[in-house]
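Peer 1: File run-v4.txt follows (compact mmCIF, C-alpha atoms (C1' of nucleotides)):
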```
# COMPACT_ATOMS: atom_id res chain seq x y z
CA MET P 1 -49.67 6.06 -33.81
CA PRO P 2 -48.54 3.47 -31.29
CA ARG P 3 -49.90 3.44 -27.76
CA PRO P 4 -49.87 6.81 -25.94
CA SER P 5 -46.84 7.82 -23.90
CA VAL P 6 -46.89 6.78 -20.29
CA GLU P 7 -43.45 8.23 -19.70
CA ALA P 8 -44.42 11.06 -17.37
CA GLU P 9 -46.57 8.80 -15.26
CA ARG P 10 -44.07 5.96 -15.13
CA ARG P 11 -41.18 8.26 -14.24
CA LYS P 12 -43.16 9.68 -11.36
CA GLN P 13 -44.04 6.21 -10.17
CA ILE P 14 -40.39 5.16 -10.21
CA LEU P 15 -39.19 8.37 -8.54
CA ASP P 16 -41.78 7.99 -5.83
CA ALA P 17 -40.64 4.44 -5.24
CA ALA P 18 -37.03 5.61 -5.09
CA CYS P 19 -37.93 8.19 -2.44
CA SER P 20 -39.66 5.53 -0.39
CA VAL P 21 -36.67 3.24 -0.54
CA ILE P 22 -34.26 6.05 0.31
CA ALA P 23 -36.42 7.12 3.24
CA LYS P 24 -36.64 3.59 4.55
CA HIS P 25 -33.18 2.19 3.93
CA GLY P 26 -31.03 5.18 3.08
CA LEU P 27 -29.14 6.02 -0.05
CA GLN P 28 -26.42 3.65 1.08
CA GLU P 29 -28.66 0.62 0.77
CA LEU P 30 -30.57 1.70 -2.28
CA ARG P 31 -30.78 -1.20 -4.74
CA LEU P 32 -32.34 -0.74 -8.13
CA LEU P 33 -34.12 -4.05 -7.67
CA ASP P 34 -35.79 -2.70 -4.52
CA VAL P 35 -36.93 0.41 -6.33
CA ALA P 36 -38.24 -1.74 -9.16
CA SER P 37 -40.06 -3.94 -6.70
CA VAL P 38 -41.70 -1.02 -4.87
CA ALA P 39 -42.61 0.62 -8.15
CA GLY P 40 -44.05 -2.64 -9.37
CA VAL P 41 -41.88 -2.83 -12.46
CA SER P 42 -38.84 -4.78 -13.56
CA SER P 43 -35.26 -3.64 -13.17
CA GLY P 44 -35.07 -3.22 -16.92
CA THR P 45 -37.80 -0.60 -16.83
CA ILE P 46 -35.76 1.50 -14.42
CA HIS P 47 -32.96 1.60 -16.95
CA TYR P 48 -35.38 2.36 -19.71
CA TYR P 49 -36.17 5.67 -17.98
CA PHE P 50 -32.89 6.38 -16.23
CA ASP P 51 -29.52 5.60 -17.77
CA THR P 52 -27.65 5.19 -14.53
CA LYS P 53 -28.37 4.76 -10.87
CA ARG P 54 -26.91 8.18 -10.13
CA GLU P 55 -29.27 9.78 -12.59
CA LEU P 56 -32.22 8.12 -10.90
CA VAL P 57 -31.06 9.15 -7.46
CA ASN P 58 -30.53 12.78 -8.41
CA ALA P 59 -33.90 12.89 -10.12
CA ALA P 60 -35.46 11.39 -7.00
CA PHE P 61 -33.89 14.08 -4.85
CA GLU P 62 -35.23 16.77 -7.10
CA TYR P 63 -38.65 15.12 -7.19
CA ASN P 64 -38.73 14.96 -3.41
CA PHE P 65 -37.86 18.62 -3.07
CA ARG P 66 -40.24 19.84 -5.75
CA HIS P 67 -43.02 17.63 -4.47
CA SER P 68 -42.67 19.09 -0.98
CA LEU P 69 -42.97 22.60 -2.28
CA GLU P 70 -45.98 21.74 -4.41
CA ARG P 71 -47.79 20.24 -1.47
CA ARG P 72 -47.40 23.59 0.23
CA GLN P 73 -48.98 26.03 -2.16
CA TRP P 74 -51.38 27.11 0.59
CA MET P 75 -48.41 28.82 2.23
CA ARG P 76 -48.53 31.48 -0.43
CA ASP P 77 -52.03 32.50 0.55
CA GLU P 78 -51.70 36.23 0.91
CA SER P 79 -55.10 36.75 2.47
CA ARG P 80 -53.97 35.15 5.72
CA GLU P 81 -52.55 37.00 8.68
CA PRO P 82 -48.79 36.61 7.98
CA LEU P 83 -47.50 35.92 11.47
CA GLU P 84 -50.10 33.27 12.06
CA LEU P 85 -49.28 31.79 8.67
CA LEU P 86 -45.60 31.71 9.60
CA GLY P 87 -46.40 29.57 12.61
CA GLU P 88 -48.33 27.14 10.49
CA ILE P 89 -45.62 26.96 7.87
CA VAL P 90 -43.10 26.01 10.51
CA ASP P 91 -45.51 23.49 12.01
CA SER P 92 -45.98 21.84 8.66
CA TYR P 93 -42.23 21.44 8.28
CA LEU P 94 -41.77 19.53 11.50
CA PRO P 95 -40.59 15.98 10.80
CA SER P 96 -43.74 14.57 12.32
CA ARG P 97 -45.02 11.63 10.33
CA GLY P 98 -46.19 10.48 6.96
CA ALA P 99 -45.22 12.54 3.97
CA SER P 100 -43.26 15.10 5.96
CA LEU P 101 -41.14 12.48 7.68
CA ARG P 102 -40.37 10.71 4.44
CA ALA P 103 -39.38 13.98 2.81
CA TRP P 104 -37.06 14.82 5.70
CA ARG P 105 -35.30 11.49 5.55
CA VAL P 106 -34.67 11.96 1.86
CA TRP P 107 -33.44 15.52 2.44
CA ALA P 108 -30.96 14.38 5.02
CA ASP P 109 -29.48 11.97 2.52
CA LEU P 110 -29.48 14.67 -0.14
CA TRP P 111 -27.47 16.92 2.14
CA ALA P 112 -24.89 14.31 2.92
CA GLU P 113 -24.51 13.41 -0.72
CA GLY P 114 -24.74 17.01 -1.91
CA MET P 115 -21.53 18.03 -0.18
CA ARG P 116 -19.58 16.38 -2.99
CA ASP P 117 -22.00 16.47 -5.91
CA PRO P 118 -22.41 19.79 -7.77
CA ALA P 119 -25.57 18.52 -9.47
CA LEU P 120 -27.24 18.11 -6.10
CA GLN P 121 -25.94 21.48 -4.97
CA LYS P 122 -27.69 22.99 -7.94
CA ILE P 123 -30.97 21.33 -6.99
CA ASN P 124 -30.56 22.59 -3.44
CA GLU P 125 -29.73 26.07 -4.69
CA GLU P 126 -32.90 26.38 -6.70
CA LEU P 127 -35.45 24.67 -4.49
CA TYR P 128 -34.10 25.51 -1.08
CA GLY P 129 -33.93 29.08 -2.31
CA GLN P 130 -37.70 29.06 -2.83
CA TRP P 131 -38.19 27.87 0.71
CA ARG P 132 -35.93 30.62 2.02
CA GLU P 133 -37.79 33.21 -0.04
CA LEU P 134 -41.15 32.02 1.21
CA LEU P 135 -40.11 32.57 4.81
CA ARG P 136 -38.53 35.93 4.05
CA ASN P 137 -41.65 37.16 2.26
CA THR P 138 -43.93 35.99 5.02
CA ILE P 139 -41.83 37.75 7.65
CA ALA P 140 -41.72 40.90 5.54
CA ALA P 141 -45.49 40.74 5.14
CA ALA P 142 -45.91 40.47 8.90
CA GLN P 143 -43.71 43.51 9.32
CA ARG P 144 -45.85 45.47 6.87
CA ALA P 145 -48.96 44.28 8.70
CA GLY P 146 -47.45 45.51 11.93
CA THR P 147 -47.50 42.14 13.71
CA ALA P 148 -43.75 41.67 13.43
CA ARG P 149 -41.09 44.06 14.59
CA GLU P 150 -38.53 45.69 12.35
CA GLY P 151 -35.37 43.91 11.27
CA ASP P 152 -33.84 42.43 8.14
CA PRO P 153 -36.32 39.76 7.01
CA GLU P 154 -33.61 37.85 5.15
CA LEU P 155 -31.54 37.60 8.31
CA LEU P 156 -34.51 36.46 10.37
CA ALA P 157 -35.53 33.96 7.72
CA ASN P 158 -32.03 32.48 7.67
CA MET P 159 -32.05 32.13 11.43
CA LEU P 160 -35.39 30.38 11.39
CA ILE P 161 -34.53 28.09 8.49
CA GLY P 162 -31.27 27.08 10.03
CA MET P 163 -32.97 26.37 13.30
CA VAL P 164 -35.66 24.25 11.72
CA ASP P 165 -33.12 22.21 9.76
CA GLY P 166 -30.73 21.69 12.63
CA LEU P 167 -33.40 20.76 15.14
CA ALA P 168 -35.07 18.45 12.64
CA MET P 169 -31.83 16.50 12.34
CA GLN P 170 -31.79 15.90 16.07
CA VAL P 171 -35.42 14.82 16.01
CA LEU P 172 -34.62 12.38 13.22
CA LEU P 173 -31.71 11.11 15.27
CA LYS P 174 -34.13 10.49 18.12
CA ALA P 175 -32.16 12.67 20.52
CA LYS P 176 -33.81 12.48 23.93
CA ALA P 177 -33.42 16.21 24.45
CA MET P 178 -35.12 17.06 21.17
CA SER P 179 -38.53 15.53 20.74
CA LEU P 180 -41.01 16.72 18.18
CA ASP P 181 -42.81 18.72 20.87
CA THR P 182 -39.64 20.36 22.11
CA MET P 183 -38.77 21.29 18.57
CA ARG P 184 -42.19 22.84 18.02
CA GLU P 185 -41.92 24.85 21.23
CA THR P 186 -38.40 25.96 20.42
CA CYS P 187 -39.42 27.26 17.02
CA ARG P 188 -42.50 28.96 18.42
CA ALA P 189 -40.42 30.59 21.12
CA PHE P 190 -38.10 31.95 18.47
CA ILE P 191 -40.97 33.47 16.55
CA ASP P 192 -42.53 34.90 19.69
CA GLN P 193 -39.34 36.35 21.09
CA LEU P 194 -37.53 37.60 18.03
CA ILE P 195 -40.01 38.09 15.24
CA ALA P 196 -43.40 38.94 16.76
CA ARG P 197 -43.95 42.45 17.95
CA MET R 198 5.98 -11.60 27.17
CA PRO R 199 5.42 -10.93 23.50
CA ARG R 200 5.90 -7.55 21.89
CA PRO R 201 4.06 -4.64 23.54
CA SER R 202 0.62 -3.68 22.38
CA VAL R 203 0.38 -0.99 19.77
CA GLU R 204 -3.34 -1.45 19.54
CA ALA R 205 -4.41 1.95 20.86
CA GLU R 206 -2.05 3.77 18.56
CA ARG R 207 -2.83 1.70 15.49
CA ARG R 208 -6.60 1.96 16.02
CA LYS R 209 -6.31 5.71 16.22
CA GLN R 210 -4.25 5.79 13.07
CA ILE R 211 -6.84 3.73 11.20
CA LEU R 212 -9.78 5.73 12.55
CA ASP R 213 -8.11 8.95 11.57
CA ALA R 214 -7.57 7.62 8.07
CA ALA R 215 -11.21 6.53 7.93
CA CYS R 216 -12.34 10.04 8.88
CA SER R 217 -10.18 11.52 6.15
CA VAL R 218 -11.61 9.17 3.55
CA ILE R 219 -15.19 9.80 4.69
CA ALA R 220 -14.63 13.56 4.63
CA LYS R 221 -13.14 13.40 1.16
CA HIS R 222 -15.26 10.81 -0.61
CA GLY R 223 -18.25 10.26 1.65
CA LEU R 224 -19.43 7.17 3.44
CA GLN R 225 -20.91 5.98 0.19
CA GLU R 226 -17.52 5.62 -1.47
CA LEU R 227 -15.61 4.40 1.53
CA ARG R 228 -13.45 1.44 0.52
CA LEU R 229 -11.45 -0.43 3.11
CA LEU R 230 -8.54 -0.47 0.71
CA ASP R 231 -8.57 3.34 0.61
CA VAL R 232 -8.57 3.53 4.38
CA ALA R 233 -5.72 1.04 4.49
CA SER R 234 -3.79 3.04 1.94
CA VAL R 235 -4.23 6.34 3.79
CA ALA R 236 -3.37 4.71 7.09
CA GLY R 237 -0.30 3.13 5.53
CA VAL R 238 -1.27 -0.42 6.41
CA SER R 239 -2.65 -3.42 4.53
CA SER R 240 -6.30 -4.26 4.20
CA GLY R 241 -5.74 -7.24 6.45
CA THR R 242 -4.68 -4.95 9.27
CA ILE R 243 -8.01 -3.16 9.12
CA HIS R 244 -9.76 -6.45 9.72
CA TYR R 245 -7.31 -7.29 12.45
CA TYR R 246 -8.63 -4.34 14.46
CA PHE R 247 -12.20 -4.13 13.20
CA ASP R 248 -14.31 -7.18 12.45
CA THR R 249 -16.54 -5.53 9.90
CA LYS R 250 -16.68 -2.41 7.83
CA ARG R 251 -19.69 -1.18 9.78
CA GLU R 252 -17.76 -1.54 13.05
CA LEU R 253 -14.94 0.55 11.63
CA VAL R 254 -17.31 3.20 10.36
CA ASN R 255 -19.17 3.53 13.64
CA ALA R 256 -15.91 3.72 15.55
CA ALA R 257 -14.71 6.40 13.15
CA PHE R 258 -17.86 8.44 13.77
CA GLU R 259 -17.36 8.23 17.49
CA TYR R 260 -13.69 9.10 17.14
CA ASN R 261 -14.55 12.14 15.05
CA PHE R 262 -17.07 13.40 17.59
CA ARG R 263 -14.92 12.76 20.63
CA HIS R 264 -11.87 14.22 18.96
CA SER R 265 -13.74 17.44 18.20
CA LEU R 266 -14.78 17.83 21.79
CA GLU R 267 -11.28 17.16 23.05
CA ARG R 268 -9.83 19.81 20.80
CA ARG R 269 -12.17 22.25 22.48
CA GLN R 270 -11.32 21.97 26.13
CA TRP R 271 -10.50 25.68 26.18
CA MET R 272 -14.23 26.30 25.90
CA ARG R 273 -14.66 25.24 29.47
CA ASP R 274 -12.42 28.02 30.71
CA GLU R 275 -14.50 29.56 33.47
CA SER R 276 -12.27 32.56 33.97
CA ARG R 277 -13.34 34.06 30.66
CA GLU R 278 -16.18 36.50 30.20
CA PRO R 279 -19.00 34.08 29.22
CA LEU R 280 -20.74 36.04 26.47
CA GLU R 281 -17.45 36.72 24.72
CA LEU R 282 -16.57 33.05 25.12
CA LEU R 283 -19.89 32.09 23.56
CA GLY R 284 -19.04 34.08 20.47
CA GLU R 285 -15.70 32.33 20.15
CA ILE R 286 -17.24 28.92 20.65
CA VAL R 287 -19.65 29.54 17.81
CA ASP R 288 -16.84 30.90 15.64
CA SER R 289 -14.79 27.79 16.21
CA TYR R 290 -17.69 25.63 15.07
CA LEU R 291 -18.05 27.30 11.72
CA PRO R 292 -17.23 24.88 8.91
CA SER R 293 -14.30 27.03 7.86
CA ARG R 294 -11.32 24.91 6.91
CA GLY R 295 -8.90 22.29 8.07
CA ALA R 296 -9.89 20.19 11.03
CA SER R 297 -13.26 21.85 11.50
CA LEU R 298 -14.30 21.31 7.91
CA ARG R 299 -13.28 17.66 7.99
CA ALA R 300 -15.21 17.12 11.19
CA TRP R 301 -18.32 18.72 9.72
CA ARG R 302 -18.24 16.56 6.63
CA VAL R 303 -18.00 13.46 8.76
CA TRP R 304 -20.82 14.69 11.00
CA ALA R 305 -23.10 15.22 8.05
CA ASP R 306 -22.57 11.61 7.01
CA LEU R 307 -23.11 10.49 10.59
CA TRP R 308 -26.45 12.26 10.68
CA ALA R 309 -27.66 10.72 7.46
CA GLU R 310 -26.58 7.28 8.56
CA GLY R 311 -27.72 7.76 12.15
CA MET R 312 -31.38 8.08 11.19
CA ARG R 313 -31.51 4.31 10.79
CA ASP R 314 -28.73 3.07 13.06
CA PRO R 315 -29.40 2.99 16.82
CA ALA R 316 -25.69 2.58 17.56
CA LEU R 317 -25.01 5.93 15.91
CA GLN R 318 -27.96 7.49 17.68
CA LYS R 319 -26.36 6.46 20.94
CA ILE R 320 -23.09 8.11 20.00
CA ASN R 321 -24.96 11.26 19.05
CA GLU R 322 -26.93 11.17 22.26
CA GLU R 323 -23.84 11.11 24.43
CA LEU R 324 -21.50 13.41 22.58
CA TYR R 325 -23.94 15.87 21.11
CA GLY R 326 -25.39 16.14 24.58
CA GLN R 327 -22.05 17.43 25.84
CA TRP R 328 -22.03 20.07 23.16
CA ARG R 329 -25.56 21.14 24.06
CA GLU R 330 -24.65 21.29 27.74
CA LEU R 331 -21.59 23.40 27.02
CA LEU R 332 -23.67 26.03 25.30
CA ARG R 333 -26.35 25.97 27.97
CA ASN R 334 -23.80 26.39 30.74
CA THR R 335 -22.06 29.23 28.96
CA ILE R 336 -25.34 31.04 28.44
CA ALA R 337 -26.31 30.48 32.05
CA ALA R 338 -22.94 31.84 33.17
CA ALA R 339 -23.47 34.95 31.06
CA GLN R 340 -26.83 35.44 32.71
CA ARG R 341 -25.27 35.18 36.15
CA ALA R 342 -22.57 37.61 35.06
CA GLY R 343 -25.28 40.00 33.93
CA THR R 344 -24.16 40.19 30.30
CA ALA R 345 -27.05 38.06 29.06
CA ARG R 346 -30.70 38.67 29.64
CA GLU R 347 -33.02 36.31 31.43
CA GLY R 348 -34.59 33.31 29.73
CA ASP R 349 -34.39 29.54 29.79
CA PRO R 350 -30.75 28.76 28.91
CA GLU R 351 -31.68 25.30 27.62
CA LEU R 352 -34.16 26.82 25.19
CA LEU R 353 -31.67 29.41 24.01
CA ALA R 354 -28.95 26.80 23.65
CA ASN R 355 -31.22 24.62 21.55
CA MET R 356 -32.05 27.51 19.28
CA LEU R 357 -28.41 28.37 18.80
CA ILE R 358 -27.31 24.78 18.26
CA GLY R 359 -30.02 24.15 15.75
CA MET R 360 -29.13 27.29 13.90
CA VAL R 361 -25.44 26.45 13.76
CA ASP R 362 -26.14 22.94 12.47
CA GLY R 363 -28.69 23.97 9.90
CA LEU R 364 -26.69 26.87 8.55
CA ALA R 365 -23.54 24.76 8.45
CA MET R 366 -25.31 22.30 6.15
CA GLN R 367 -26.08 25.07 3.70
CA VAL R 368 -22.50 26.29 3.84
CA LEU R 369 -21.30 22.76 3.12
CA LEU R 370 -23.75 22.59 0.23
CA LYS R 371 -22.17 25.78 -1.11
CA ALA R 372 -25.50 27.62 -1.15
CA LYS R 373 -24.93 31.04 -2.67
CA ALA R 374 -27.12 32.69 -0.03
CA MET R 375 -25.16 31.14 2.83
CA SER R 376 -21.46 31.79 2.74
CA LEU R 377 -19.22 31.31 5.72
CA ASP R 378 -19.32 35.03 6.39
CA THR R 379 -23.10 35.21 6.20
CA MET R 380 -23.31 32.30 8.60
CA ARG R 381 -20.99 34.00 11.05
CA GLU R 382 -22.99 37.22 10.89
CA THR R 383 -26.27 35.38 11.29
CA CYS R 384 -25.08 33.58 14.40
CA ARG R 385 -23.63 36.77 15.84
CA ALA R 386 -26.87 38.61 15.19
CA PHE R 387 -28.76 35.91 17.06
CA ILE R 388 -26.49 36.24 20.07
CA ASP R 389 -26.68 40.04 19.97
CA GLN R 390 -30.41 40.23 19.55
CA LEU R 391 -31.71 37.40 21.67
CA ILE R 392 -29.07 36.47 24.22
CA ALA R 393 -26.99 39.57 25.00
CA ARG R 394 -28.48 42.11 27.35
C1' DT B 395 -47.19 -4.16 -39.02
C1' DA B 396 -44.96 -0.53 -36.26
C1' DC B 397 -43.50 1.09 -32.25
C1' DG B 398 -43.47 2.20 -27.37
C1' DC B 399 -42.80 -0.24 -23.55
C1' DT B 400 -41.53 -4.09 -20.59
C1' DT B 401 -39.26 -8.15 -19.13
C1' DG B 402 -35.77 -10.91 -16.59
C1' DA B 403 -31.80 -13.72 -17.42
C1' DC B 404 -27.18 -12.81 -17.70
C1' DC B 405 -22.53 -10.77 -17.39
C1' DG B 406 -18.57 -8.63 -15.38
C1' DG B 407 -16.40 -5.90 -12.06
C1' DC B 408 -15.88 -4.77 -7.48
C1' DC B 409 -14.98 -5.18 -2.71
C1' DG B 410 -15.65 -7.03 2.07
C1' DA B 411 -14.20 -10.83 4.39
C1' DC B 412 -11.13 -14.57 5.15
C1' DC B 413 -6.89 -16.89 6.02
C1' DA B 414 -2.44 -19.13 5.62
C1' DG B 415 1.79 -17.57 6.02
C1' DT B 416 5.41 -14.08 7.57
C1' DT B 417 7.66 -10.78 10.43
C1' DA B 418 8.61 -8.23 14.68
C1' DT B 419 9.44 -8.16 19.57
C1' DG B 420 9.57 -9.71 23.71
C1' DT B 421 11.09 -13.79 27.55
C1' DG B 422 13.94 -17.08 29.65
C1' DG B 423 17.11 -20.96 29.61
C1' DA B 424 21.93 -22.61 28.57
C1' DT U 425 25.65 -13.95 24.37
C1' DC U 426 22.72 -16.40 21.81
C1' DC U 427 19.20 -19.31 20.67
C1' DA U 428 14.60 -21.42 20.86
C1' DC U 429 9.99 -20.14 21.80
C1' DA U 430 5.57 -17.61 22.38
C1' DT U 431 2.60 -14.41 20.87
C1' DA U 432 1.22 -10.08 18.73
C1' DA U 433 1.11 -7.71 14.54
C1' DC U 434 0.85 -7.68 9.84
C1' DT U 435 0.62 -9.04 4.85
C1' DG U 436 -1.58 -9.63 0.46
C1' DG U 437 -3.64 -13.09 -2.46
C1' DT U 438 -8.02 -15.23 -3.05
C1' DC U 439 -12.82 -16.02 -3.15
C1' DG U 440 -17.65 -15.53 -3.25
C1' DG U 441 -21.65 -12.76 -3.34
C1' DC U 442 -23.79 -8.80 -4.86
C1' DC U 443 -25.61 -5.53 -7.98
C1' DG U 444 -25.53 -2.09 -11.85
C1' DG U 445 -25.95 -2.30 -16.45
C1' DT U 446 -26.96 -4.84 -20.98
C1' DC U 447 -29.67 -7.09 -24.25
C1' DA U 448 -32.50 -10.05 -27.03
C1' DA U 449 -36.92 -11.19 -27.04
C1' DG U 450 -41.89 -10.47 -26.03
C1' DC U 451 -46.15 -7.83 -25.38
C1' DG U 452 -50.05 -4.80 -26.37
C1' DT U 453 -52.12 -1.10 -28.70
C1' DA U 454 -53.20 1.64 -32.75
```
Rewrite the structure of this file - the entire thing - as structure tokens.

Peer 2:
Amino acid sequence: MPRPSVEAERRKQILDAACSVIAKHGLQELRLLDVASVAGVSSGTIHYYFDTKRELVNAAFEYNFRHSLERRQWMRDESREPLELLGEIVDSYLPSRGASLRAWRVWADLWAEGMRDPALQKINEELYGQWRELLRNTIAAAQRAGTAREGDPELLANMLIGMVDGLAMQVLLKAKAMSLDTMRETCRAFIDQLIAR
Amino acid sequence: MPRPSVEAERRKQILDAACSVIAKHGLQELRLLDVASVAGVSSGTIHYYFDTKRELVNAAFEYNFRHSLERRQWMRDESREPLELLGEIVDSYLPSRGASLRAWRVWADLWAEGMRDPALQKINEELYGQWRELLRNTIAAAQRAGTAREGDPELLANMLIGMVDGLAMQVLLKAKAMSLDTMRETCRAFIDQLIAR
DNA sequence: TACGCTTGACCGGCCGACCAGTTATGTGGA
DNA sequence: TCCACATAACTGGTCGGCCGGTCAAGCGTA
């Protein structure tokens, strides 16, 4: 046997570097040499794991999405009071700083690119669907627990998701009228006024 | 005197072509030669009116935004019943087809690009602000008319705007759970449940 | 030795930017 | 009426830099 496979590890390392570069410079300015540099490998190594730039980029988008969901397993904790949990879920999705901010920047690029790329639409379909389902289930749980009023949980989840996404864009665009705090209050107000009993 | 200036007209023609190319292929694949071709001029003419590609792109984004607002002057009709008007405003912003769809595609690219470009943030600040103000004023008018319940109109406007933007992204991404019809119903439900008396 | 993995120089195509030259459209003098 | 002349508008060929992708060679571990 030759040396053991480092493929999984190396791929992750490269994808993580790609996400960092996308978050910092945007997909537009993504250079394979930059990714290689951040990942601490040579440009040749990138091509050893990914045939084309597009393949790398799409994999990075998927990695970013999947990674975000994995970091949020605690949201599926069914022992928590659902309405309270809902508030925390939304809080954790605010484009505040660190990991969350990086993930948002990459998402925004995914969306722009995804309008014309069916492969990215498929990634969005699967992973964004999980996010939508999580909110719907949490709202439904709150209804069963009696802390949320009646109403189609899918509809309410869609409203809330849309709101979070749209407001996040304005926060990322540094709109004066939409600071992080205003966004948080707006989302909380929505939950208080339309979802909570 | 030399020949009369056609600058305003020609600029518009080029910017319109640029918007078409962005909507169709994305900012990523924008080639000056394509813009020139669509505009029916030579590549040299592009550089005659715009020093750099970036200058053209930013001007195109501003043109797209401003153009959308201009096409919607009817929204400021104060003789209409405000709540009904609000519904029509939202309808007209759905990424349905034609002009509205093109504008949305360009917006999505603007947002992605605007995260790192202060010049684009400024454009967003000014023009998106008008859009926000329009909704706020319409909601406030409905409250005065007694067809909407009490509540901070700015807060409600922000909720609605965010929702429209976020849901529109999913429509553009062809998410199965968010068709144009579902989006329309979701927005209507929000108005019915949270704004209308 | 075998093989997975890595390197980095190199190549070729592409495209933004430049520019020298050309055309169109006006003015005013003879 | 017509002919310089001035200037704006426009053309399209060219060039230079950049970067994705290739590859032949090297490295390290079993």

Peer 1: What's around stretch 407-417 of chain B at 9 Å? Count all atoms listed in the file, leave out sequence neighbours fewer than 3 positions away in its own chain, and write the answer as a compact mmCIF listing (two decimals) with C-alpha atoms (C1' of nucleotides), in the coordinates of the input.

Peer 2:
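The result, written out as selection07.txt:
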```
# COMPACT_ATOMS: atom_id res chain seq x y z
CA ARG R 228 -13.45 1.44 0.52
CA LEU R 229 -11.45 -0.43 3.11
CA LEU R 230 -8.54 -0.47 0.71
CA HIS R 244 -9.76 -6.45 9.72
CA ASP R 248 -14.31 -7.18 12.45
CA THR R 249 -16.54 -5.53 9.90
CA LYS R 250 -16.68 -2.41 7.83
C1' DA U 433 1.11 -7.71 14.54
C1' DC U 434 0.85 -7.68 9.84
C1' DT U 435 0.62 -9.04 4.85
C1' DT U 438 -8.02 -15.23 -3.05
C1' DC U 439 -12.82 -16.02 -3.15
```

Peer 1: Residues at most 8 Å from stretch 332-346 of chain R, counting all atoms listed in the file, excluding those fewer than 2 positions away in the same chain, as a PyMOL selection string?

Peer 2: chain R and resi 278-280+282-283+328-330+348+350-351+353-354+392-394

Peer 1: If you measure from atom CA of P:Leu173 to atom CA of R:Met312, what distance in Å do you get, rounded to one decimal?

Peer 2: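 That distance, rounded to one decimal, is 5.1 Å.
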
Peer 1: Check every residue of chain R for an atom within 12 Å of chain U, counting all atoms listed in the file, and provide those that qualify as a list in words.

Peer 2: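 Result, ordered by chain then number: Met198, Pro199, Arg200, Pro201, Ser202, Val203, Glu204, Arg207, Leu230, Ala233, Gly237, Val238, Ser239, Ser240, Gly241, Thr242, Ile243, His244, Tyr245 and Tyr246 of chain R.
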
Peer 1: Identify which of the residues R:Leu298, R:Leu227, R:Ile211, R:Met366 lies closest to chain P, counting all atoms listed in the file when measuring atom-to-atom distances.

Peer 2: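 Answer, going by the shortest atom-to-atom distance: R:Met366.
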
Peer 1: Mind giving me the straight-line distance from atom CA of P:Asp109 to atom CA of R:Ala309 in Å, one decimal?

Peer 2: 5.4 Å

Peer 1: With a distance cut-off of 7 Å and only C-alpha atoms (C1' of nucleotides), select the neighbouring residues of R:Ile320, excluding the residue or stretch itself and same-chain residues fewer than 4 positions from it, and output the selection as a list in words.

Peer 2: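 In the requested format, the answer is Glu259, Ala316 and Leu324 of chain R.
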
Peer 1: Please report the interatomic distance between atom CA of P:Val21 and atom CA of P:Gly166 in Å with one decimal.

Peer 2: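 Between these atoms lies a distance of 23.4 Å.
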
Peer 1: Enclose stretch 426-443 of chain U, meaning all of its atoms listed in the file, in a box aligned along x, y and z, pad it by 4 Å on each side, and list the centre and edge lengths in Å to one decimal, as lines of an AutoDock Vina configuration file.

Peer 2:
```
center_x = -1.4
center_y = -13.5
center_z = 7.2
size_x = 56.3
size_y = 23.9
size_z = 38.4
```

Peer 1: Would you kindly return, as number ranges by chain, each protein, DNA or RNA residue with an atom no farther than 12 Å from any atom of R:Ala386, considering only C-alpha atoms (C1' of nucleotides) and excluding same-chain residues fewer than 3 positions away?

Peer 2: P: 151-152, 155-156, 158-159, 194; R: 284, 287, 357, 360, 379-383, 389-393

Peer 1: Can stretch 290-298 of chain R be brought up to N, CA and C atoms and written out as a PDB file, in the frame of the given file?

Peer 2:
```
ATOM      1  N   TYR R 290     -16.881  26.704  15.642  1.00  0.00           N
ATOM      2  CA  TYR R 290     -17.690  25.630  15.070  1.00  0.00           C
ATOM      3  C   TYR R 290     -18.112  25.898  13.638  1.00  0.00           C
ATOM      4  N   LEU R 291     -17.732  27.038  13.116  1.00  0.00           N
ATOM      5  CA  LEU R 291     -18.050  27.300  11.720  1.00  0.00           C
ATOM      6  C   LEU R 291     -17.293  26.307  10.835  1.00  0.00           C
ATOM      7  N   PRO R 292     -17.932  25.812   9.808  1.00  0.00           N
ATOM      8  CA  PRO R 292     -17.230  24.880   8.910  1.00  0.00           C
ATOM      9  C   PRO R 292     -16.260  25.642   8.014  1.00  0.00           C
ATOM     10  N   SER R 293     -15.195  26.153   8.615  1.00  0.00           N
ATOM     11  CA  SER R 293     -14.300  27.030   7.860  1.00  0.00           C
ATOM     12  C   SER R 293     -13.303  26.230   7.031  1.00  0.00           C
ATOM     13  N   ARG R 294     -12.273  25.723   7.657  1.00  0.00           N
ATOM     14  CA  ARG R 294     -11.320  24.910   6.910  1.00  0.00           C
ATOM     15  C   ARG R 294     -10.548  24.009   7.857  1.00  0.00           C
ATOM     16  N   GLY R 295      -9.733  23.158   7.256  1.00  0.00           N
ATOM     17  CA  GLY R 295      -8.900  22.290   8.070  1.00  0.00           C
ATOM     18  C   GLY R 295      -9.711  21.311   8.892  1.00  0.00           C
ATOM     19  N   ALA R 296      -9.312  21.188  10.141  1.00  0.00           N
ATOM     20  CA  ALA R 296      -9.890  20.190  11.030  1.00  0.00           C
ATOM     21  C   ALA R 296     -11.404  20.362  11.177  1.00  0.00           C
ATOM     22  N   SER R 297     -11.830  21.602  11.297  1.00  0.00           N
ATOM     23  CA  SER R 297     -13.260  21.850  11.500  1.00  0.00           C
ATOM     24  C   SER R 297     -14.088  21.412  10.299  1.00  0.00           C
ATOM     25  N   LEU R 298     -13.581  21.686   9.126  1.00  0.00           N
ATOM     26  CA  LEU R 298     -14.300  21.310   7.910  1.00  0.00           C
ATOM     27  C   LEU R 298     -14.389  19.787   7.779  1.00  0.00           C
TER      28      LEU R 298
END
```
